[in-house]
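Text of the file input_5.csv, holding CSV, C-alpha atoms:
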```
chain,number,residue,atom,x,y,z
A,1,MET,CA,46.7,5.9,4.5
A,2,SER,CA,45.9,9.3,6.0
A,3,LYS,CA,43.8,9.8,9.1
A,4,MET,CA,41.1,11.4,7.0
A,5,ASP,CA,40.9,8.3,4.8
A,6,GLU,CA,40.7,6.1,7.9
A,7,GLU,CA,37.9,8.1,9.3
A,8,PHE,CA,36.1,7.9,6.0
A,9,ILE,CA,36.4,4.1,5.9
A,10,LYS,CA,35.2,3.8,9.5
A,11,LYS,CA,32.2,6.0,8.8
A,12,ARG,CA,31.4,4.0,5.7
A,13,GLU,CA,31.6,0.7,7.6
A,14,MET,CA,29.4,2.0,10.3
A,15,LEU,CA,26.8,3.1,7.8
A,16,GLU,CA,26.9,-0.3,6.0
A,17,GLU,CA,26.4,-2.0,9.4
A,18,PHE,CA,23.5,0.2,10.2
A,19,GLU,CA,21.9,-0.6,6.8
A,20,ARG,CA,22.3,-4.3,7.4
A,21,GLU,CA,20.7,-3.9,10.8
A,22,ARG,CA,17.7,-1.9,9.4
A,23,PHE,CA,16.8,-4.7,7.0
A,24,SER,CA,17.8,-7.7,9.1
A,25,GLN,CA,15.4,-10.5,9.8
A,26,GLU,CA,15.6,-9.8,13.5
A,27,THR,CA,14.6,-6.1,13.0
A,28,ILE,CA,11.8,-7.1,10.7
A,29,GLU,CA,10.3,-9.7,13.1
A,30,LYS,CA,10.5,-7.2,16.0
A,31,GLU,CA,8.8,-4.5,14.0
A,32,LYS,CA,6.0,-6.7,12.7
A,33,GLU,CA,4.7,-7.0,16.3
A,34,GLN,CA,3.6,-3.3,16.0
A,35,SER,CA,0.3,-2.1,14.6
A,36,ILE,CA,-0.4,1.1,12.6
A,37,PHE,CA,-3.3,1.6,15.0
A,38,ASP,CA,-0.8,2.3,17.8
A,39,GLY,CA,-0.3,5.6,16.0
A,40,GLN,CA,3.5,5.3,15.4
A,41,ILE,CA,5.5,2.3,14.3
A,42,MET,CA,9.1,1.6,13.2
A,43,VAL,CA,9.6,0.7,9.5
A,44,ASN,CA,13.2,-0.4,8.9
A,45,MET,CA,14.1,1.6,12.1
A,46,VAL,CA,12.5,4.7,10.9
A,47,PRO,CA,9.5,6.1,13.0
A,48,VAL,CA,6.3,6.5,10.9
A,49,THR,CA,3.1,8.0,12.3
A,50,PHE,CA,-0.2,6.7,11.0
A,51,ALA,CA,-3.6,8.5,11.1
A,52,GLU,CA,-7.0,8.2,9.5
A,53,ARG,CA,-7.5,10.3,6.3
A,54,THR,CA,-10.9,10.9,4.6
A,55,PHE,CA,-11.4,11.1,0.8
A,56,LEU,CA,-14.1,11.7,-1.8
A,57,ASP,CA,-15.8,14.5,0.1
A,58,GLY,CA,-15.5,12.7,3.4
A,59,LYS,CA,-17.4,9.6,2.2
A,60,VAL,CA,-14.6,7.0,2.8
A,61,ALA,CA,-11.6,6.8,5.1
A,62,ILE,CA,-8.4,4.8,5.5
A,63,TRP,CA,-5.3,4.9,7.7
A,64,MET,CA,-2.0,5.9,6.1
A,65,PRO,CA,1.3,7.5,7.0
A,66,GLU,CA,0.5,11.0,8.3
A,67,ASP,CA,3.1,12.6,6.1
A,68,PHE,CA,1.8,11.0,2.9
A,69,GLU,CA,1.4,13.7,0.3
A,70,GLU,CA,-0.5,13.6,-3.0
A,71,LEU,CA,1.8,13.1,-6.0
A,72,SER,CA,1.6,15.6,-8.8
A,73,GLU,CA,0.1,14.7,-12.2
A,74,LYS,CA,3.6,14.5,-13.7
A,75,GLU,CA,4.8,12.2,-10.9
A,76,VAL,CA,1.8,9.9,-11.4
A,77,GLU,CA,2.5,9.7,-15.1
A,78,VAL,CA,6.1,8.7,-14.5
A,79,SER,CA,5.0,6.0,-12.0
A,80,TYR,CA,2.2,4.7,-14.3
A,81,PRO,CA,3.7,5.0,-17.8
A,82,LEU,CA,1.5,2.3,-19.4
A,83,GLY,CA,-1.8,4.0,-18.7
A,84,ASN,CA,-4.5,3.2,-16.2
A,85,LYS,CA,-3.5,6.1,-14.1
A,86,PRO,CA,-5.2,6.4,-10.7
A,87,ASP,CA,-7.1,9.6,-9.7
A,88,LYS,CA,-4.9,10.1,-6.7
A,89,VAL,CA,-1.6,8.6,-5.4
A,90,TYR,CA,-0.1,9.3,-2.0
A,91,ALA,CA,3.5,8.6,-0.9
A,92,ASN,CA,6.4,10.1,1.0
A,93,SER,CA,10.1,10.3,0.3
A,94,TYR,CA,11.4,7.6,2.6
A,95,LEU,CA,9.0,4.7,2.4
A,96,ASP,CA,8.7,2.1,-0.4
A,97,LEU,CA,5.0,2.3,-0.2
A,98,ALA,CA,2.3,4.1,-2.2
A,99,ALA,CA,-1.5,4.2,-1.8
A,100,GLY,CA,-4.3,5.7,-3.9
A,101,TYR,CA,-7.5,5.2,-5.6
A,102,HIS,CA,-9.4,5.5,-8.9
A,103,TYR,CA,-13.1,6.3,-8.8
A,104,THR,CA,-14.3,4.6,-12.0
A,105,GLN,CA,-17.2,5.2,-14.3
A,106,HIS,CA,-18.3,1.6,-14.0
A,107,GLU,CA,-21.7,1.3,-12.6
A,108,ILE,CA,-22.1,-1.6,-10.2
A,109,PRO,CA,-25.0,-1.7,-7.7
A,110,GLU,CA,-24.0,-2.6,-4.1
A,111,GLU,CA,-25.8,-5.9,-4.3
A,112,TYR,CA,-23.6,-7.1,-7.2
A,113,MET,CA,-20.2,-6.2,-5.7
A,114,GLY,CA,-19.6,-9.7,-4.5
A,115,ASP,CA,-19.7,-10.9,-8.2
A,116,PHE,CA,-17.4,-8.0,-9.3
A,117,LEU,CA,-14.4,-10.0,-8.0
A,118,LYS,CA,-14.7,-12.4,-11.0
A,119,ILE,CA,-14.7,-9.4,-13.4
A,120,ALA,CA,-11.7,-7.9,-11.8
A,121,LYS,CA,-9.7,-11.2,-11.8
A,122,LEU,CA,-10.6,-11.8,-15.5
A,123,ALA,CA,-9.4,-8.3,-16.4
A,124,LEU,CA,-6.2,-8.7,-14.5
A,125,GLU,CA,-5.4,-12.2,-15.8
A,126,ARG,CA,-5.9,-11.0,-19.4
A,127,MET,CA,-2.9,-8.8,-18.9
A,128,GLY,CA,-0.9,-12.0,-19.2
A,129,PRO,CA,2.1,-13.4,-17.4
A,130,LYS,CA,3.0,-10.0,-16.0
A,131,VAL,CA,0.3,-10.4,-13.3
A,132,ARG,CA,0.0,-13.3,-10.8
A,133,ILE,CA,-3.0,-13.3,-8.4
A,134,LEU,CA,-2.1,-14.6,-5.0
A,135,SER,CA,-5.3,-14.4,-3.0
A,136,GLU,CA,-8.8,-12.9,-3.0
A,137,ASN,CA,-11.3,-11.9,-0.3
A,138,VAL,CA,-14.9,-10.7,0.1
A,139,LYS,CA,-15.7,-8.7,3.2
A,140,LYS,CA,-19.3,-7.7,4.0
A,141,THR,CA,-19.6,-4.8,6.5
A,142,GLN,CA,-22.8,-3.2,8.0
A,143,LYS,CA,-23.9,-1.7,4.7
A,144,HIS,CA,-21.2,-2.4,2.1
A,145,THR,CA,-19.2,-5.1,0.3
A,146,ILE,CA,-15.5,-4.8,-0.1
A,147,VAL,CA,-13.6,-7.2,-2.3
A,148,SER,CA,-9.8,-7.4,-2.4
A,149,LEU,CA,-7.0,-9.1,-4.3
A,150,GLU,CA,-3.3,-9.6,-3.6
A,151,MET,CA,-1.2,-9.9,-6.7
A,152,ILE,CA,2.3,-9.5,-8.1
A,153,SER,CA,2.8,-7.4,-11.2
A,154,HIS,CA,6.0,-7.0,-13.2
A,155,THR,CA,7.6,-4.0,-14.8
A,156,ILE,CA,10.7,-4.0,-17.0
A,157,THR,CA,13.0,-3.6,-14.0
A,158,GLU,CA,11.2,-4.9,-10.9
A,159,SER,CA,8.3,-6.9,-9.4
A,160,ILE,CA,5.6,-5.0,-7.5
A,161,TYR,CA,3.4,-6.4,-4.7
A,162,ASN,CA,-0.1,-5.0,-5.0
A,163,ILE,CA,-3.1,-5.1,-2.6
A,164,MET,CA,-6.2,-3.9,-4.4
A,165,TYR,CA,-9.7,-3.4,-3.1
A,166,PHE,CA,-13.0,-2.7,-4.9
A,167,THR,CA,-16.3,-1.4,-3.5
A,168,SER,CA,-19.4,0.4,-4.7
A,169,LEU,CA,-19.6,4.1,-3.9
A,170,GLU,CA,-22.9,5.6,-4.9
A,171,GLY,CA,-23.3,3.0,-7.6
A,172,ARG,CA,-19.9,3.3,-9.1
A,173,VAL,CA,-16.8,1.1,-8.6
A,174,LEU,CA,-14.1,2.6,-6.3
A,175,LEU,CA,-10.7,0.9,-6.8
A,176,GLY,CA,-8.2,1.4,-4.1
A,177,PHE,CA,-4.6,0.1,-3.8
A,178,MET,CA,-1.4,-0.1,-1.8
A,179,ASN,CA,1.8,-1.3,-3.5
A,180,PHE,CA,5.5,-1.7,-2.8
A,181,ASN,CA,8.5,-3.5,-4.2
A,182,TYR,CA,8.2,-7.3,-4.0
A,183,LYS,CA,11.6,-7.6,-2.3
A,184,ASN,CA,10.2,-5.6,0.7
A,185,ARG,CA,7.0,-7.7,1.0
A,186,GLU,CA,7.9,-9.2,4.4
A,187,ARG,CA,7.9,-5.8,6.2
A,188,TYR,CA,5.4,-3.9,4.0
A,189,ARG,CA,2.7,-6.5,3.5
A,190,PRO,CA,1.5,-6.5,7.2
A,191,ILE,CA,1.3,-2.7,7.0
A,192,ALA,CA,-0.6,-2.7,3.8
A,193,LYS,CA,-3.0,-5.4,5.1
A,194,GLU,CA,-3.8,-3.2,8.2
A,195,MET,CA,-4.4,-0.2,5.9
A,196,LEU,CA,-6.8,-2.3,3.9
A,197,ASP,CA,-8.5,-3.4,7.2
A,198,SER,CA,-8.9,0.2,8.2
A,199,PHE,CA,-10.8,1.2,5.0
A,200,HIS,CA,-14.4,2.1,5.8
A,201,PHE,CA,-17.3,4.2,4.7
A,202,MET,CA,-18.2,7.1,6.9
A,203,ASP,CA,-21.8,6.2,6.9
A,204,GLU,CA,-21.0,3.3,9.2
A,205,LEU,CA,-18.7,2.8,12.2
A,206,PRO,CA,-15.4,0.9,11.8
A,207,GLU,CA,-15.7,-2.7,12.9
A,208,GLU,CA,-14.1,-3.5,16.2
A,209,GLU,CA,-11.5,-6.2,16.4
```
As structure tokens, please, write out the structure in this file.
Amino acid sequence: MSKMDEEFIKKREMLEEFERERFSQETIEKEKEQSIFDGQIMVNMVPVTFAERTFLDGKVAIWMPEDFEELSEKEVEVSYPLGNKPDKVYANSYLDLAAGYHYTQHEIPEEYMGDFLKIAKLALERMGPKVRILSENVKKTQKHTIVSLEMISHTITESIYNIMYFTSLEGRVLLGFMNFNYKNRERYRPIAKEMLDSFHFMDELPEEE
């Protein structure tokens, strides 16, 4: 074996060890102690900076990775080949995480948003065994109601963990989401949950912990 081959094998072994460490249970548990509201956290040993972003003419805001960029229409079509494409999807090149929203044409007054959860669940359950709802929640803020669901959906090749939220914006349903591969749920779910907690309307102050 040549010296060059030995060096190649050594570098490969070091890289494999680094990858094992990145996704080890010890690393995940340590990283889960961090909060996106600290500004920067480690995700599988990669530093990620979070900041608040506003959308829909500054009417709503949510915290997300600072370097998240809007996917092109073609990229969205590839990611959502079965239809029901969102208006906007944001992601970056190194995280297994996407976030976005769809501002629907469904007219639901603010006072009926609490009941909308039943409609959303029924629609999702009608999709059949490809969807499994794990939990649901209704949150009332100073002026608004935000309902959310956690669910697992299945594609041909993988299972996706979804956190979806619904609220009424000027009388129409706004659907927001965060999703990631189910196999990465232990690290990404706490992040997505904090992103959900950060969502707020700009006509009211964020709730303090």
Quiz prompt | Pairwise distance for CA of His144 in chain A and CA of Met202 in chain A, rounded to one decimal in Å | solution = 11.1 Å
For the point (-3.1, -0.6, 1.0) in file coordinates, what residues are within 10 Å, counting all atoms listed in the file? Give the answer as an mmCIF file with C-alpha atoms, in the frame of the given file?
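Below you can see result.cif, which holds the result:
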```cif
data_model
loop_
_atom_site.group_PDB
_atom_site.id
_atom_site.type_symbol
_atom_site.label_atom_id
_atom_site.label_comp_id
_atom_site.auth_asym_id
_atom_site.auth_seq_id
_atom_site.Cartn_x
_atom_site.Cartn_y
_atom_site.Cartn_z
ATOM 1 C CA ILE A 62 -8.400 4.800 5.500
ATOM 2 C CA TRP A 63 -5.300 4.900 7.700
ATOM 3 C CA MET A 64 -2.000 5.900 6.100
ATOM 4 C CA LEU A 97 5.000 2.300 -0.200
ATOM 5 C CA ALA A 98 2.300 4.100 -2.200
ATOM 6 C CA ALA A 99 -1.500 4.200 -1.800
ATOM 7 C CA GLY A 100 -4.300 5.700 -3.900
ATOM 8 C CA TYR A 101 -7.500 5.200 -5.600
ATOM 9 C CA ASN A 162 -0.100 -5.000 -5.000
ATOM 10 C CA ILE A 163 -3.100 -5.100 -2.600
ATOM 11 C CA MET A 164 -6.200 -3.900 -4.400
ATOM 12 C CA TYR A 165 -9.700 -3.400 -3.100
ATOM 13 C CA GLY A 176 -8.200 1.400 -4.100
ATOM 14 C CA PHE A 177 -4.600 0.100 -3.800
ATOM 15 C CA MET A 178 -1.400 -0.100 -1.800
ATOM 16 C CA ASN A 179 1.800 -1.300 -3.500
ATOM 17 C CA PHE A 180 5.500 -1.700 -2.800
ATOM 18 C CA TYR A 188 5.400 -3.900 4.000
ATOM 19 C CA ARG A 189 2.700 -6.500 3.500
ATOM 20 C CA PRO A 190 1.500 -6.500 7.200
ATOM 21 C CA ILE A 191 1.300 -2.700 7.000
ATOM 22 C CA ALA A 192 -0.600 -2.700 3.800
ATOM 23 C CA LYS A 193 -3.000 -5.400 5.100
ATOM 24 C CA GLU A 194 -3.800 -3.200 8.200
ATOM 25 C CA MET A 195 -4.400 -0.200 5.900
ATOM 26 C CA LEU A 196 -6.800 -2.300 3.900
ATOM 27 C CA ASP A 197 -8.500 -3.400 7.200
ATOM 28 C CA SER A 198 -8.900 0.200 8.200
ATOM 29 C CA PHE A 199 -10.800 1.200 5.000
#
```
Practice problem: Anything within 12 Å of (-25.7, -1.8, -11.4): list those residues as a ChimeraX atom specification, counting only C-alpha atoms and sticking to the file's coordinates. | Solution: /A:105-113,115-116,168-173
Practice problem: Identify which of the residues A:Leu134, A:Leu95, A:Leu117, A:Ile28 lies closest to Pro65 in chain A, counting only C-alpha atoms when measuring atom-to-atom distances. | Solution: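 The shortest atom-to-atom distance to Pro65 in chain A comes from A:Leu95.
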Quiz item: Which one is closest to Thr141 in chain A: A:Asp203, A:Thr27, A:Phe55, A:Ser79? Count all atoms listed in the file.
Solution: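 Result for the nearest residue to Thr141 in chain A: A:Asp203.
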Quiz item: Skipping near chain neighbours, those fewer than 5 positions away, what residues fall within 10 Å of Phe23 in chain A using all atoms listed in the file, listed as a list in words?
Solution: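 After dropping sequence-adjacent residues, the list is Phe18, Ile28, Val43, Asn44, Met45, Asn184 and Arg187 of chain A.
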Quiz item: So how far away is CA of Tyr103 in chain A from CA of Pro86 in chain A, in Å?
Solution: 8.1 Å
Quiz prompt | Nearby residues (all atoms listed in the file) at most 7 Å from Phe68 in chain A, same-chain spacing under 2 positions excluded, as a list in words | solution =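 Result of the neighbour search: Pro65, Glu66, Glu70, Tyr90, Ala91 and Asn92 of chain A.
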Selection file, C-alpha atoms, as a tab-separated table (two decimals), keeping the file's coordinate frame:
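File produced: result_27.tsv:
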```tsv
chain	number	residue	atom	x	y	z
A	65	PRO	CA	1.30	7.50	7.00
A	66	GLU	CA	0.50	11.00	8.30
A	70	GLU	CA	-0.50	13.60	-3.00
A	90	TYR	CA	-0.10	9.30	-2.00
A	91	ALA	CA	3.50	8.60	-0.90
A	92	ASN	CA	6.40	10.10	1.00
```
Quiz item: Please, what distance in Å, to one decimal, runs between CA of Lys139 in chain A and CA of Phe201 in chain A?
Solution: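 Value for the CA of Lys139 in chain A-CA of Phe201 in chain A distance: 13.1 Å.
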Practice problem: Name the closest residue to Thr145 in chain A among the candidates A:Thr167, A:Ser93, A:Gln40, A:Ser159; distances are taken between atoms, counting all atoms listed in the file. | Solution: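 So, comparing all the options, the nearest one is A:Thr167.
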Practice problem: Have a look at A:His200, A:Val46, A:Glu52, A:Glu31 and name the one nearest to Glu19 in chain A; count all atoms listed in the file. | Solution: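 Going through A:His200, A:Val46, A:Glu52, A:Glu31 one by one, the smallest distance to Glu19 in chain A is for A:Val46.
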Quiz item: Restricting the calculation to all atoms listed in the file, which member of A:Tyr80, A:Met42, A:Thr54, A:Glu7 is positioned closest to Arg22 in chain A?
Solution: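 Checking each of A:Tyr80, A:Met42, A:Thr54, A:Glu7 against Arg22 in chain A, counting all atoms listed in the file, the winner is A:Met42.
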Quiz item: A:Leu175, A:Ile119, A:Val89, A:Ala51: which is nearest Glu69 in chain A, counting all atoms listed in the file?
Solution: A:Val89
